[in-house]
Every structure is written in C-alpha cells, then in structure tokens.
>>> print(open('structure-v6.tsv').read())   # TSV, C-alpha atoms
chain	number	residue	atom	x	y	z
A	1	MET	CA	-11.67	15.62	16.40
A	2	HIS	CA	-12.99	17.50	19.42
A	3	ARG	CA	-10.01	16.31	21.41
A	4	PHE	CA	-7.72	18.47	19.25
A	5	ALA	CA	-10.12	21.36	19.21
A	6	ASN	CA	-8.81	22.32	22.62
A	7	PRO	CA	-6.16	24.99	21.85
A	8	THR	CA	-3.75	24.02	24.65
A	9	ARG	CA	-3.82	20.39	23.64
A	10	PHE	CA	-3.46	21.29	19.97
A	11	LEU	CA	-0.51	23.58	20.65
A	12	ARG	CA	1.24	20.95	22.75
A	13	LEU	CA	0.95	18.44	19.90
A	14	ALA	CA	1.92	21.03	17.25
A	15	ASN	CA	4.99	22.13	19.21
A	16	ALA	CA	6.14	18.53	19.57
A	17	LEU	CA	5.66	17.97	15.83
A	18	LEU	CA	7.38	21.18	14.72
A	19	PRO	CA	11.11	20.19	14.98
A	20	TRP	CA	10.45	16.89	13.15
A	21	LEU	CA	8.59	18.63	10.36
A	22	ALA	CA	11.33	21.24	10.04
A	23	ALA	CA	14.03	18.56	9.85
A	24	ALA	CA	12.00	16.64	7.25
A	25	ALA	CA	11.58	19.84	5.19
A	26	VAL	CA	15.35	20.53	5.14
A	27	LEU	CA	16.26	16.92	4.29
A	28	LEU	CA	13.59	16.39	1.63
A	29	LEU	CA	14.05	19.76	-0.08
A	30	GLY	CA	17.84	19.42	0.06
A	31	SER	CA	17.91	15.95	-1.48
A	32	GLY	CA	15.09	16.78	-3.91
A	33	LEU	CA	16.84	19.90	-5.24
A	34	TRP	CA	20.21	18.13	-5.44
A	35	LEU	CA	18.74	15.17	-7.33
A	36	GLY	CA	16.40	17.28	-9.44
A	37	LEU	CA	18.78	20.05	-10.47
A	38	LEU	CA	22.07	18.13	-10.67
A	39	ARG	CA	21.65	14.37	-10.61
A	40	SER	CA	18.67	13.59	-12.83
A	41	PRO	CA	18.60	13.11	-16.60
A	42	ALA	CA	17.60	15.79	-19.08
A	43	ASP	CA	14.37	15.20	-21.00
A	44	TYR	CA	14.36	13.81	-24.55
A	45	GLN	CA	12.26	16.74	-25.78
A	46	GLN	CA	12.68	19.56	-23.28
A	47	GLY	CA	16.39	19.13	-22.49
A	48	GLU	CA	17.49	20.79	-19.26
A	49	THR	CA	14.32	22.90	-19.02
A	50	VAL	CA	12.56	19.84	-17.58
A	51	ARG	CA	14.19	20.69	-14.20
A	52	ILE	CA	11.69	23.52	-13.72
A	53	MET	CA	9.12	20.75	-13.27
A	54	TYR	CA	10.62	19.76	-9.90
A	55	VAL	CA	9.82	23.21	-8.51
A	56	HIS	CA	6.62	23.80	-10.47
A	57	VAL	CA	4.55	20.61	-10.18
A	58	PRO	CA	4.78	20.11	-6.38
A	59	ALA	CA	4.01	23.83	-5.92
A	60	ALA	CA	0.84	23.38	-7.96
A	61	TRP	CA	-0.09	20.32	-5.87
A	62	MET	CA	0.43	22.30	-2.67
A	63	ALA	CA	-1.64	25.16	-4.06
A	64	MET	CA	-4.54	22.70	-4.28
A	65	ALA	CA	-3.74	20.98	-0.96
A	66	GLY	CA	-3.56	24.41	0.72
A	67	TYR	CA	-6.99	25.29	-0.59
A	68	THR	CA	-8.38	21.96	0.60
A	69	THR	CA	-7.02	22.75	4.08
A	70	LEU	CA	-8.59	26.20	3.90
A	71	ALA	CA	-11.94	24.80	2.78
A	72	LEU	CA	-12.08	22.05	5.42
A	73	SER	CA	-11.15	24.51	8.18
A	74	SER	CA	-13.82	26.90	6.92
A	75	LEU	CA	-16.41	24.14	6.91
A	76	ALA	CA	-15.46	23.17	10.49
A	77	PHE	CA	-15.68	26.81	11.57
A	78	LEU	CA	-19.08	27.41	9.98
A	79	VAL	CA	-20.65	24.18	11.28
A	80	TRP	CA	-19.01	23.70	14.69
A	81	LYS	CA	-18.05	27.36	15.32
A	82	HIS	CA	-14.72	26.40	16.77
A	83	PRO	CA	-12.26	29.33	16.94
A	84	LEU	CA	-9.28	27.05	16.23
A	85	ALA	CA	-10.75	26.17	12.81
A	86	ASP	CA	-10.98	29.90	12.06
A	87	LEU	CA	-7.31	30.30	12.97
A	88	ALA	CA	-6.35	27.34	10.76
A	89	ALA	CA	-8.21	28.87	7.80
A	90	ARG	CA	-6.56	32.28	8.32
A	91	ALA	CA	-3.19	30.55	8.69
A	92	ALA	CA	-3.57	28.45	5.53
A	93	SER	CA	-4.52	31.08	2.96
A	94	PRO	CA	-1.25	33.11	2.71
A	95	ILE	CA	0.76	29.85	2.55
A	96	GLY	CA	-1.46	28.48	-0.20
A	97	ALA	CA	-1.27	31.80	-2.04
A	98	SER	CA	2.54	31.60	-1.94
A	99	PHE	CA	2.58	28.11	-3.44
A	100	THR	CA	0.11	29.24	-6.12
A	101	ALA	CA	2.36	32.21	-6.97
A	102	ILE	CA	5.39	29.89	-7.20
A	103	ALA	CA	3.47	27.57	-9.54
A	104	LEU	CA	2.36	30.47	-11.77
A	105	VAL	CA	5.81	32.09	-11.98
A	106	THR	CA	7.75	28.86	-12.62
A	107	GLY	CA	5.09	27.82	-15.13
A	108	ALA	CA	5.61	31.06	-17.07
A	109	LEU	CA	9.39	30.55	-16.98
A	110	TRP	CA	8.89	27.07	-18.45
A	111	GLY	CA	6.28	28.18	-20.97
A	112	GLN	CA	8.43	30.85	-22.58
A	113	PRO	CA	11.14	28.47	-23.93
A	114	MET	CA	8.86	25.41	-24.40
A	115	TRP	CA	5.54	26.72	-25.71
A	116	GLY	CA	6.89	29.99	-27.02
A	117	THR	CA	4.79	32.15	-24.67
A	118	TRP	CA	4.82	33.22	-21.01
A	119	TRP	CA	1.08	33.13	-20.63
A	120	VAL	CA	-2.08	32.05	-22.44
A	121	TRP	CA	-5.68	32.21	-21.28
A	122	ASP	CA	-6.32	28.50	-21.47
A	123	ALA	CA	-8.56	26.73	-18.95
A	124	ARG	CA	-5.76	25.40	-16.73
A	125	LEU	CA	-3.75	28.61	-16.45
A	126	THR	CA	-6.83	30.78	-15.99
A	127	SER	CA	-8.36	28.55	-13.29
A	128	VAL	CA	-5.08	28.58	-11.32
A	129	LEU	CA	-4.99	32.38	-11.56
A	130	VAL	CA	-8.55	32.39	-10.18
A	131	LEU	CA	-7.26	30.21	-7.31
A	132	LEU	CA	-4.66	32.88	-6.48
A	133	PHE	CA	-7.39	35.55	-6.46
A	134	LEU	CA	-9.56	33.36	-4.19
A	135	TYR	CA	-6.70	33.14	-1.71
A	136	LEU	CA	-6.04	36.90	-1.87
A	137	GLY	CA	-9.77	37.61	-1.56
A	138	HIS	CA	-9.98	35.35	1.50
A	139	MET	CA	-7.04	37.14	3.13
A	140	ALA	CA	-8.55	40.55	2.48
A	141	LEU	CA	-12.09	39.58	3.53
A	142	THR	CA	-11.16	37.92	6.85
A	143	ASN	CA	-9.31	41.08	7.88
A	144	ALA	CA	-11.94	43.53	6.63
A	145	PHE	CA	-14.09	43.41	9.79
A	146	ASP	CA	-13.45	44.85	13.25
A	147	ASP	CA	-15.08	41.78	14.75
A	148	PRO	CA	-12.83	38.78	13.97
A	149	GLU	CA	-15.81	36.40	14.32
A	150	ARG	CA	-17.67	38.14	11.49
A	151	GLY	CA	-14.52	38.34	9.36
A	152	GLY	CA	-13.88	34.64	9.87
A	153	ARG	CA	-17.44	33.78	8.86
A	154	ALA	CA	-17.37	35.90	5.70
A	155	GLY	CA	-14.00	34.43	4.74
A	156	ALA	CA	-15.23	30.90	5.36
A	157	VAL	CA	-18.23	31.39	3.05
A	158	LEU	CA	-15.93	32.72	0.31
A	159	ALA	CA	-13.53	29.80	0.81
A	160	LEU	CA	-16.38	27.27	0.45
A	161	VAL	CA	-17.76	28.96	-2.67
A	162	GLY	CA	-14.28	28.74	-4.18
A	163	VAL	CA	-14.20	24.96	-3.73
A	164	VAL	CA	-16.02	24.75	-7.09
A	165	ASN	CA	-12.72	25.84	-8.67
A	166	LEU	CA	-10.73	22.81	-7.41
A	167	PRO	CA	-12.24	20.16	-9.73
A	168	ILE	CA	-12.15	22.71	-12.55
A	169	ILE	CA	-8.39	23.12	-12.08
A	170	LYS	CA	-7.76	19.38	-11.83
A	171	PHE	CA	-9.89	18.33	-14.80
A	172	SER	CA	-9.51	21.43	-17.01
A	173	VAL	CA	-6.87	19.60	-19.05
A	174	ASP	CA	-9.23	16.66	-19.64
A	175	TRP	CA	-12.51	18.49	-20.23
A	176	TRP	CA	-11.25	21.08	-22.70
A	177	ASN	CA	-8.47	21.55	-25.22
A	178	THR	CA	-5.75	23.41	-23.35
A	179	LEU	CA	-2.18	24.41	-24.12
A	180	HIS	CA	-1.18	22.95	-20.76
A	181	GLN	CA	-0.35	19.25	-20.94
A	182	PRO	CA	-2.63	16.72	-19.20
A	183	ALA	CA	-1.69	15.14	-15.84
A	184	SER	CA	1.42	12.94	-15.83
A	185	VAL	CA	1.35	11.52	-12.32
A	186	LEU	CA	-2.20	11.54	-10.92
A	187	ARG	CA	-3.88	9.95	-13.93
A	188	LEU	CA	-5.64	6.72	-14.86
A	189	GLY	CA	-3.29	4.17	-16.38
A	190	GLY	CA	-0.23	5.10	-14.34
A	191	SER	CA	2.43	7.77	-14.47
A	192	THR	CA	4.09	8.82	-17.72
A	193	ILE	CA	7.20	10.17	-16.00
A	194	ASP	CA	10.42	8.17	-16.06
A	195	PRO	CA	11.32	6.71	-12.60
A	196	ALA	CA	14.61	8.67	-12.62
A	197	MET	CA	12.55	11.90	-12.75
A	198	MET	CA	9.83	10.66	-10.42
A	199	LYS	CA	12.17	10.34	-7.45
A	200	PRO	CA	13.25	14.01	-7.22
A	201	LEU	CA	9.64	15.02	-7.95
A	202	PHE	CA	8.31	13.06	-4.97
A	203	LEU	CA	11.15	14.24	-2.70
A	204	MET	CA	10.28	17.84	-3.57
A	205	ALA	CA	6.57	17.17	-3.02
A	206	GLY	CA	7.33	15.73	0.44
A	207	GLY	CA	9.57	18.71	1.20
A	208	TYR	CA	6.88	21.21	0.18
A	209	LEU	CA	4.34	19.35	2.32
A	210	ALA	CA	6.68	19.59	5.34
A	211	VAL	CA	7.24	23.31	4.65
A	212	PHE	CA	3.47	23.76	4.51
A	213	GLY	CA	3.12	21.99	7.87
A	214	VAL	CA	5.83	24.09	9.51
A	215	ALA	CA	4.43	27.36	8.18
A	216	LEU	CA	0.88	26.36	9.16
A	217	ILE	CA	1.87	25.56	12.77
A	218	LEU	CA	3.93	28.74	13.12
A	219	ARG	CA	1.09	30.87	11.77
A	220	ILE	CA	-1.61	29.21	13.90
A	221	ARG	CA	0.60	29.76	16.96
A	222	ALA	CA	1.09	33.43	16.11
A	223	LEU	CA	-2.60	33.98	15.36
A	224	TYR	CA	-3.58	32.26	18.61
A	225	ALA	CA	-1.22	34.50	20.60
A	226	GLU	CA	-2.67	37.53	18.83
A	227	ARG	CA	-6.22	36.43	19.66
A	228	ARG	CA	-5.32	35.90	23.33
A	229	LEU	CA	-3.69	39.31	23.52
A	230	ARG	CA	-6.81	40.90	22.06
A	231	GLN	CA	-9.03	39.15	24.61
A	232	LEU	CA	-6.78	40.25	27.47
A	233	ARG	CA	-6.85	43.84	26.26
A	234	LEU	CA	-10.64	43.76	25.96
A	235	SER	CA	-11.05	42.32	29.45
A	236	LEU	CA	-8.72	45.02	30.82
A	237	THR	CA	-10.70	47.87	29.28
A	238	ASP	CA	-13.93	46.29	30.50
A	239	ALA	CA	-12.69	46.03	34.08
B	1	MET	CA	-31.09	20.68	29.11
B	2	SER	CA	-30.75	18.05	26.44
B	3	ARG	CA	-28.14	18.40	23.65
B	4	ARG	CA	-30.76	17.80	20.99
B	5	PRO	CA	-31.66	21.31	19.82
B	6	HIS	CA	-27.98	22.23	19.70
B	7	ARG	CA	-27.16	19.19	17.60
B	8	SER	CA	-29.86	19.77	15.07
B	9	ARG	CA	-28.75	23.37	14.51
B	10	LYS	CA	-25.31	22.05	13.58
B	11	ASN	CA	-26.89	19.54	11.24
B	12	GLN	CA	-28.98	22.30	9.72
B	13	ARG	CA	-25.89	24.40	9.04
B	14	LEU	CA	-24.10	21.41	7.55
B	15	ALA	CA	-27.08	20.61	5.32
B	16	LEU	CA	-27.28	24.25	4.21
B	17	ILE	CA	-23.61	24.27	3.23
B	18	VAL	CA	-23.75	20.93	1.41
B	19	GLY	CA	-26.91	22.00	-0.41
B	20	GLY	CA	-25.40	25.35	-1.32
B	21	LEU	CA	-22.27	23.71	-2.68
B	22	ALA	CA	-24.27	21.22	-4.76
B	23	PHE	CA	-26.29	24.11	-6.19
B	24	LEU	CA	-23.12	26.06	-6.99
B	25	GLY	CA	-21.53	23.01	-8.60
B	26	ILE	CA	-24.51	22.52	-10.89
B	27	ALA	CA	-24.55	26.22	-11.78
B	28	ALA	CA	-20.84	26.17	-12.60
B	29	ALA	CA	-21.24	23.03	-14.72
B	30	LEU	CA	-24.10	24.62	-16.68
B	31	VAL	CA	-22.20	27.84	-17.28
B	32	LEU	CA	-19.05	26.04	-18.38
B	33	THR	CA	-21.00	23.77	-20.72
B	34	ALA	CA	-22.82	26.74	-22.23
B	35	PHE	CA	-19.57	28.60	-22.87
B	36	GLU	CA	-17.64	25.56	-24.01
B	37	ASP	CA	-16.58	27.22	-27.27
B	38	SER	CA	-14.89	30.04	-25.35
B	39	VAL	CA	-13.35	27.74	-22.76
B	40	VAL	CA	-11.60	25.48	-25.27
B	41	PHE	CA	-8.22	26.89	-26.12
B	42	PHE	CA	-8.18	25.56	-29.67
B	43	PHE	CA	-10.26	23.65	-32.20
B	44	SER	CA	-9.08	20.44	-33.83
B	45	PRO	CA	-9.19	20.24	-37.65
B	46	THR	CA	-12.22	17.94	-37.28
B	47	ASP	CA	-14.05	20.49	-35.09
B	48	LEU	CA	-13.31	23.08	-37.74
B	49	ALA	CA	-14.68	20.95	-40.56
B	50	ALA	CA	-17.81	20.16	-38.53
B	51	LYS	CA	-18.84	23.73	-37.66
B	52	PRO	CA	-18.89	26.72	-39.95
B	53	ILE	CA	-16.60	29.42	-38.57
B	54	ASP	CA	-16.63	33.04	-39.65
B	55	PRO	CA	-13.43	33.54	-41.74
B	56	GLU	CA	-12.98	36.98	-40.15
B	57	ARG	CA	-12.84	35.50	-36.65
B	58	ARG	CA	-9.42	34.89	-35.11
B	59	ILE	CA	-9.28	31.33	-33.83
B	60	ARG	CA	-6.75	28.79	-32.65
B	61	ILE	CA	-6.36	25.36	-34.13
B	62	GLY	CA	-4.38	22.50	-32.64
B	63	GLY	CA	-3.15	19.04	-33.48
B	64	LEU	CA	0.00	17.19	-34.45
B	65	VAL	CA	2.42	18.42	-37.09
B	66	GLU	CA	2.25	15.68	-39.72
B	67	GLU	CA	5.52	13.81	-40.27
B	68	GLY	CA	7.35	14.99	-43.38
B	69	SER	CA	4.96	17.88	-44.05
B	70	VAL	CA	7.09	20.85	-42.97
B	71	ALA	CA	8.30	22.91	-45.95
B	72	ARG	CA	10.08	26.29	-45.96
B	73	GLY	CA	9.53	29.09	-48.49
B	74	PRO	CA	8.93	30.39	-51.00
B	75	GLY	CA	8.83	33.67	-49.01
B	76	ASP	CA	11.34	34.79	-46.39
B	77	GLY	CA	10.71	32.91	-43.13
B	78	GLU	CA	7.60	31.33	-44.60
B	79	ILE	CA	6.74	27.87	-43.30
B	80	ARG	CA	4.05	25.51	-44.47
B	81	PHE	CA	2.98	22.37	-42.64
B	82	LEU	CA	0.00	20.09	-42.13
B	83	VAL	CA	-1.81	19.85	-38.79
B	84	THR	CA	-3.66	16.58	-38.21
B	85	ASP	CA	-5.85	15.10	-35.47
B	86	GLY	CA	-5.78	11.62	-36.98
B	87	THR	CA	-8.96	12.04	-39.03
B	88	THR	CA	-8.76	15.49	-40.64
B	89	THR	CA	-5.72	17.36	-41.92
B	90	LEU	CA	-5.43	21.12	-42.26
B	91	PRO	CA	-2.68	22.98	-44.17
B	92	VAL	CA	-1.14	25.87	-42.21
B	93	ARG	CA	0.96	28.77	-43.47
B	94	PHE	CA	3.05	30.79	-41.02
B	95	VAL	CA	5.63	33.55	-41.33
B	96	GLY	CA	7.81	34.02	-38.27
B	97	VAL	CA	9.90	32.34	-35.63
B	98	LEU	CA	8.89	28.89	-34.37
B	99	PRO	CA	9.23	27.80	-30.71
B	100	ASP	CA	11.97	25.32	-29.66
B	101	LEU	CA	9.64	22.37	-29.27
B	102	PHE	CA	8.12	22.73	-32.76
B	103	ARG	CA	8.90	19.54	-34.64
B	104	GLU	CA	7.24	16.98	-36.84
B	105	GLY	CA	5.06	14.54	-34.90
B	106	GLN	CA	4.70	17.00	-31.97
B	107	GLY	CA	1.64	18.88	-30.83
B	108	VAL	CA	1.14	22.45	-32.01
B	109	VAL	CA	-1.37	25.27	-31.49
B	110	ALA	CA	-1.66	27.98	-34.14
B	111	GLN	CA	-3.59	31.24	-33.91
B	112	GLY	CA	-4.89	33.00	-36.99
B	113	ARG	CA	-7.65	32.96	-39.61
B	114	LEU	CA	-9.02	30.40	-41.97
B	115	ALA	CA	-8.40	31.63	-45.53
B	116	GLY	CA	-10.12	29.20	-47.86
B	117	ALA	CA	-8.68	25.78	-47.23
B	118	THR	CA	-5.46	27.09	-45.65
B	119	PHE	CA	-5.08	28.34	-42.11
B	120	GLU	CA	-3.10	31.59	-42.07
B	121	ALA	CA	-1.32	31.57	-38.69
B	122	ASP	CA	0.18	34.65	-37.07
B	123	GLU	CA	1.34	32.83	-33.96
B	124	VAL	CA	2.51	29.25	-33.49
B	125	LEU	CA	2.91	27.67	-30.03
B	126	ALA	CA	4.35	24.23	-29.33
B	127	LYS	CA	2.18	21.93	-27.24
B	128	HIS	CA	4.06	19.60	-24.97
B	129	ASP	CA	2.65	16.20	-24.06
B	130	GLU	CA	2.61	14.55	-20.65
B	131	THR	CA	5.52	12.15	-21.25
B	132	TYR	CA	8.83	12.83	-19.52
B	133	MET	CA	11.85	10.58	-20.09
B	134	PRO	CA	15.61	10.74	-20.58
B	135	PRO	CA	16.89	10.66	-24.21
B	136	GLU	CA	18.49	7.21	-23.68
B	137	VAL	CA	15.15	5.73	-22.69
B	138	ALA	CA	13.47	7.31	-25.73
B	139	ASP	CA	16.18	5.84	-27.99
B	140	ALA	CA	15.87	2.40	-26.39
B	141	LEU	CA	12.08	2.46	-26.83
B	142	LYS	CA	12.47	3.40	-30.49
B	143	LYS	CA	15.01	0.61	-31.04
B	144	GLN	CA	12.78	-2.01	-29.46
B	145	GLY	CA	9.87	-0.83	-31.53
B	146	HIS	CA	7.79	0.13	-28.48
B	147	TRP	CA	7.67	3.74	-29.54
B	148	GLN	CA	4.16	5.16	-29.56
B	149	PRO	CA	3.68	8.33	-31.53
B	150	GLU	CA	2.43	11.15	-29.32
B	151	SER	CA	-1.23	11.06	-28.70
B	152	ALA	CA	-1.56	14.11	-26.47
B	153	ALA	CA	-3.46	16.27	-28.91
B	154	LYS	CA	-5.06	13.43	-30.77
B	155	GLY	CA	-7.25	11.69	-28.24
B	156	LYS	CA	-8.54	14.83	-26.57
B	157	GLY	CA	-11.82	16.66	-26.39
B	158	SER	CA	-12.49	16.68	-30.09
>>> encode(input="structure-v6.tsv", output="structure tokens")
Amino acid sequence: MHRFANPTRFLRLANALLPWLAAAAVLLLGSGLWLGLLRSPADYQQGETVRIMYVHVPAAWMAMAGYTTLALSSLAFLVWKHPLADLAARAASPIGASFTAIALVTGALWGQPMWGTWWVWDARLTSVLVLLFLYLGHMALTNAFDDPERGGRAGAVLALVGVVNLPIIKFSVDWWNTLHQPASVLRLGGSTIDPAMMKPLFLMAGGYLAVFGVALILRIRALYAERRLRQLRLSLTDA
Amino acid sequence: MSRRPHRSRKNQRLALIVGGLAFLGIAAALVLTAFEDSVVFFFSPTDLAAKPIDPERRIRIGGLVEEGSVARGPGDGEIRFLVTDGTTTLPVRFVGVLPDLFREGQGVVAQGRLAGATFEADEVLAKHDETYMPPEVADALKKQGHWQPESAAKGKGS
C-alpha cells in the first residue's frame, strides 16, 4: 500500500490505466445501453418501463461504491495521514454524489408510472437521500477551511460517521416494510432477474465502474496539481 | 530513534476510529429499533389486528390484493378490494384513480384511516416485487405449473 502512496508513482500508474479505463467505459456503456434500451425484452408486469432499471440500479450501486471509496480514503488519511488519501476522498465525493443524484432522479421517473408516486418517505428512499446529503456535506466541509489539512480531517470524520448509513441503505428493504422492492441481484438464494435482462444490467454496471475510475483519476490528478501549485506559491511568498 | 512510538500512535488512532464506529453503529441500531413504528412504511393486516391503532390516525397498510376480490361501485369511481398478508384479510374502500401496476395478486400500499372493519383509503400505491422477466417466460412458467404467486409483501417484516 505504501508503494502507491508515493504521488509520482501513483500518477504514473494512474496515467497508464486511464486510456484503458476510458475505452472500457465507452464500450461497456455503449453495448449496455444498446442492449438495455433496444435489444432486451419488456417486463411481464412493468412493460417497457423496466428499461429505467438499467440506468437506475447500477447508479445506486455506484452511489454505495463511491461512498465506500470515500470512507476507506478517509480512514487511510486519518490513520496514516497520507495526503494522497485526502485527495482521493475529495475526488470521490462529487462523483459519488452524481451517481446518487442519477439513482434518485431515475427512481422517481420509474416510481411515477409504476407505484403511482414520484416520492415516498420510506426507509430505502429516505436513506439514499441522506447519502446524497452526506456527500454534499463532505464536499462543503472539506472546502470550508483555509488550511486544507484541517478541512480534510473534518471531512474524513464526517465521511466515517456516515458509514453507518451504508448498511441501513442496503438492508432497509429487509428490515422494514418499504414501498421499494427488495434486492433482486445481491440477495440470498440467487438473482430474480431474467438472464436476458441481467446481461445489459451487468454491462451498464461495468461501464459505470469504468466511468467512476476515469473521473476519480482525472480529479485526483487535478487536485494534486492544485495542491502543488499552492505549495509553490507559499514557498515563493516565504522566500 | 526507533519506529515504535510512531507506530503505536497510528494504532491508537485506528483503535479510536474503530471504537467510535462501533459505538455509533450501536446507537443507530438502538434509535432505529426504538422508532420502528415510524420507520416502517406500512402495516400488514396482521400488524393492524395485533395492535390497537387510533382510528383518527392516518396510516398505511400493505399486502397483496386478493384474487377475485376487486369490485367497482356502487359510487362513481368507488373500488372495493381485500388486502391480505396470507393470515389476515382487510377490506379496503377507495375512490380515485389506481396506478398502472394495481392488479389482483399484486402488492399494494394504501394510505388512509381505519373505519370500523373497513380501511378507508385516500391513496393507493402499487408495490412492485423483485422479479423481472419477459412476458414469454412468465407465460411458460404458468403453463408448466411452476408459477409461484408473488410473495414480496407476504414474507416480509410482519
């Protein structure tokens, strides 16, 4: 782990990975959307509306994966004090927030025709909205201090406190009665999604993951450059 | 200098974080258990029979629409149906427009008040289950007799 904590080494690896990730994102999202929107069957109950699932479900997965990235980076920053972990946390939160927003909006678009309502305050929907606010809070808090070190630390504490929300989101549909349906893929006893619908779903999930990787690398690179610039400026005024 | 004091400070920080998270997790679990009645989105007919609920209070009930129980009228746009969770059945009366997915055998959540034995609903939402399949597959399953009636609302929580 400490081998990649060296920024130059990390950036060399990230830059080598970037074109492959970008190509994977284009291919996976392209084939996933084509299969999902045009070449997969309609659902026996939902009809064509089922296609919203291919955009919604992987976005919700990435919302959780993004927060896991944020939390692990925050933990690494608080314990080992490595600046690169701080940059990774700052880089992850706006990306995760975007996926959360996509999940919430597409969920509302599906809910209106299927449930008969855009929004209800059930445990699943509410806990995902809390996730969005955690992301937004993290973004605001990390930038609220003049000293980036202090901002990073405050943000990291918030991110770790918010980890409590992750199991609540995942198991909300099992612990309580909710309007939201229980898990179809990541559940005991196997998936309840037809294989013809599973394929575009997994392609989209892979595509989103690649997009997350690309955005994360680009943002870490930009934040690192910003940090360097700041240090140079400080050393110039000191001299 | 040895690395030891440095190391132990890291371990201390790690222990503090892990301890803090465990504490938070327990606190969250206690709070959520205490407020379970507000966290659940709806009560099943069995829940309703088990606990006395103030008839003035607006609540939501959920379950499956019993096969063959949906009847229209006598009023304009008036619909009557039975909601069941497998053990208890509750008659529901609703005036208004039903969502697309409302059908017999499917999950449903109704909001309203309990008036005597009947639940007077002012809003009816369809509850979708976790099964996704093409219509041909559903037909084939029905033909082969492998069809399992939806159990999304039935087996849950209550």
>>> residues_around(input="structure-v6.tsv", residues="A:Ala205", least_positions_apart="3", cutoff="6 Å", atoms="only C-alpha atoms", output="NGL selection string")
:A and (58 or 202 or 208)
>>> residues_around(input="structure-v6.tsv", residues="stretch 138-153 of chain A", least_positions_apart="4", cutoff="10 Å", atoms="all atoms listed in the file", output="PyMOL selection string")
chain A and resi 70+74-75+77-78+81+83+85-87+89-94+97+132-134+157-159+162+227
>>> write_last_selection(input="structure-v6.tsv", atoms="C-alpha atoms", output="PDB file, in the coordinates of the input")
ATOM      1  CA  LEU A  70      -8.590  26.200   3.900  1.00  0.00           C
ATOM      2  CA  SER A  74     -13.820  26.900   6.920  1.00  0.00           C
ATOM      3  CA  LEU A  75     -16.410  24.140   6.910  1.00  0.00           C
ATOM      4  CA  PHE A  77     -15.680  26.810  11.570  1.00  0.00           C
ATOM      5  CA  LEU A  78     -19.080  27.410   9.980  1.00  0.00           C
ATOM      6  CA  LYS A  81     -18.050  27.360  15.320  1.00  0.00           C
ATOM      7  CA  PRO A  83     -12.260  29.330  16.940  1.00  0.00           C
ATOM      8  CA  ALA A  85     -10.750  26.170  12.810  1.00  0.00           C
ATOM      9  CA  ASP A  86     -10.980  29.900  12.060  1.00  0.00           C
ATOM     10  CA  LEU A  87      -7.310  30.300  12.970  1.00  0.00           C
ATOM     11  CA  ALA A  89      -8.210  28.870   7.800  1.00  0.00           C
ATOM     12  CA  ARG A  90      -6.560  32.280   8.320  1.00  0.00           C
ATOM     13  CA  ALA A  91      -3.190  30.550   8.690  1.00  0.00           C
ATOM     14  CA  ALA A  92      -3.570  28.450   5.530  1.00  0.00           C
ATOM     15  CA  SER A  93      -4.520  31.080   2.960  1.00  0.00           C
ATOM     16  CA  PRO A  94      -1.250  33.110   2.710  1.00  0.00           C
ATOM     17  CA  ALA A  97      -1.270  31.800  -2.040  1.00  0.00           C
ATOM     18  CA  LEU A 132      -4.660  32.880  -6.480  1.00  0.00           C
ATOM     19  CA  PHE A 133      -7.390  35.550  -6.460  1.00  0.00           C
ATOM     20  CA  LEU A 134      -9.560  33.360  -4.190  1.00  0.00           C
ATOM     21  CA  VAL A 157     -18.230  31.390   3.050  1.00  0.00           C
ATOM     22  CA  LEU A 158     -15.930  32.720   0.310  1.00  0.00           C
ATOM     23  CA  ALA A 159     -13.530  29.800   0.810  1.00  0.00           C
ATOM     24  CA  GLY A 162     -14.280  28.740  -4.180  1.00  0.00           C
ATOM     25  CA  ARG A 227      -6.220  36.430  19.660  1.00  0.00           C
TER      26      ARG A 227
END
>>> closest_atom_pairs(input="structure-v6.tsv", of="chain A", to="chain B", cutoff="6 Å", atoms="only C-alpha atoms", output="CSV")
residue,atom,partner,partner_atom,distance
A:Pro41,CA,B:Pro134,CA,5.5
A:Ala42,CA,B:Pro134,CA,5.6
A:Asp43,CA,B:Pro134,CA,4.6
A:Tyr44,CA,B:Pro135,CA,4.1
A:Val79,CA,B:Lys10,CA,5.6
A:Met114,CA,B:Leu101,CA,5.8
A:Trp115,CA,B:Ala126,CA,4.6
A:Gly116,CA,B:Pro99,CA,4.9
A:Asp122,CA,B:Phe41,CA,5.3
A:Val164,CA,B:Gly25,CA,6.0
A:Trp176,CA,B:Val40,CA,5.1
A:Asn177,CA,B:Val40,CA,5.0
A:Thr178,CA,B:Phe41,CA,5.1
A:Leu179,CA,B:Lys127,CA,5.9
A:Gln181,CA,B:Asp129,CA,5.3
A:Pro182,CA,B:Glu130,CA,5.9
A:Ser184,CA,B:Glu130,CA,5.2
A:Thr192,CA,B:Thr131,CA,5.1
A:Ile193,CA,B:Tyr132,CA,4.7
A:Asp194,CA,B:Met133,CA,4.9
>>> atom_distance(input="structure-v6.tsv", atom1="atom CA of B:Phe35", atom2="atom CA of B:Pro91")
27.8 Å
>>> residues_near_point(input="structure-v6.tsv", point="(-12.3, 23.4, -4.4)", cutoff="12 Å", atoms="all atoms listed in the file", output="NGL selection string")
(:A and (63-72 or 74 or 127-128 or 130-131 or 134-135 or 158-171)) or (:B and (21 or 24-25))
>>> decode(input="structure-v6.tsv", residues="stretch 8-23 of chain B", atoms="C-alpha atoms", output="PDB file, in the first residue's frame")
ATOM      1  CA  SER B   8       1.594   2.966  18.399  1.00  0.00           C
ATOM      2  CA  ARG B   9       0.134   6.422  17.725  1.00  0.00           C
ATOM      3  CA  LYS B  10      -1.197   5.087  14.424  1.00  0.00           C
ATOM      4  CA  ASN B  11      -2.640   2.077  16.196  1.00  0.00           C
ATOM      5  CA  GLN B  12      -4.209   4.375  18.762  1.00  0.00           C
ATOM      6  CA  ARG B  13      -5.893   6.420  16.047  1.00  0.00           C
ATOM      7  CA  LEU B  14      -7.110   3.270  14.327  1.00  0.00           C
ATOM      8  CA  ALA B  15      -8.495   1.898  17.598  1.00  0.00           C
ATOM      9  CA  LEU B  16     -10.223   5.218  18.313  1.00  0.00           C
ATOM     10  CA  ILE B  17     -11.909   5.193  14.903  1.00  0.00           C
ATOM     11  CA  VAL B  18     -12.976   1.549  15.098  1.00  0.00           C
ATOM     12  CA  GLY B  19     -14.295   2.077  18.627  1.00  0.00           C
ATOM     13  CA  GLY B  20     -16.123   5.233  17.606  1.00  0.00           C
ATOM     14  CA  LEU B  21     -17.743   3.488  14.661  1.00  0.00           C
ATOM     15  CA  ALA B  22     -18.852   0.532  16.797  1.00  0.00           C
ATOM     16  CA  PHE B  23     -20.378   2.971  19.291  1.00  0.00           C
TER      17      PHE B  23
END
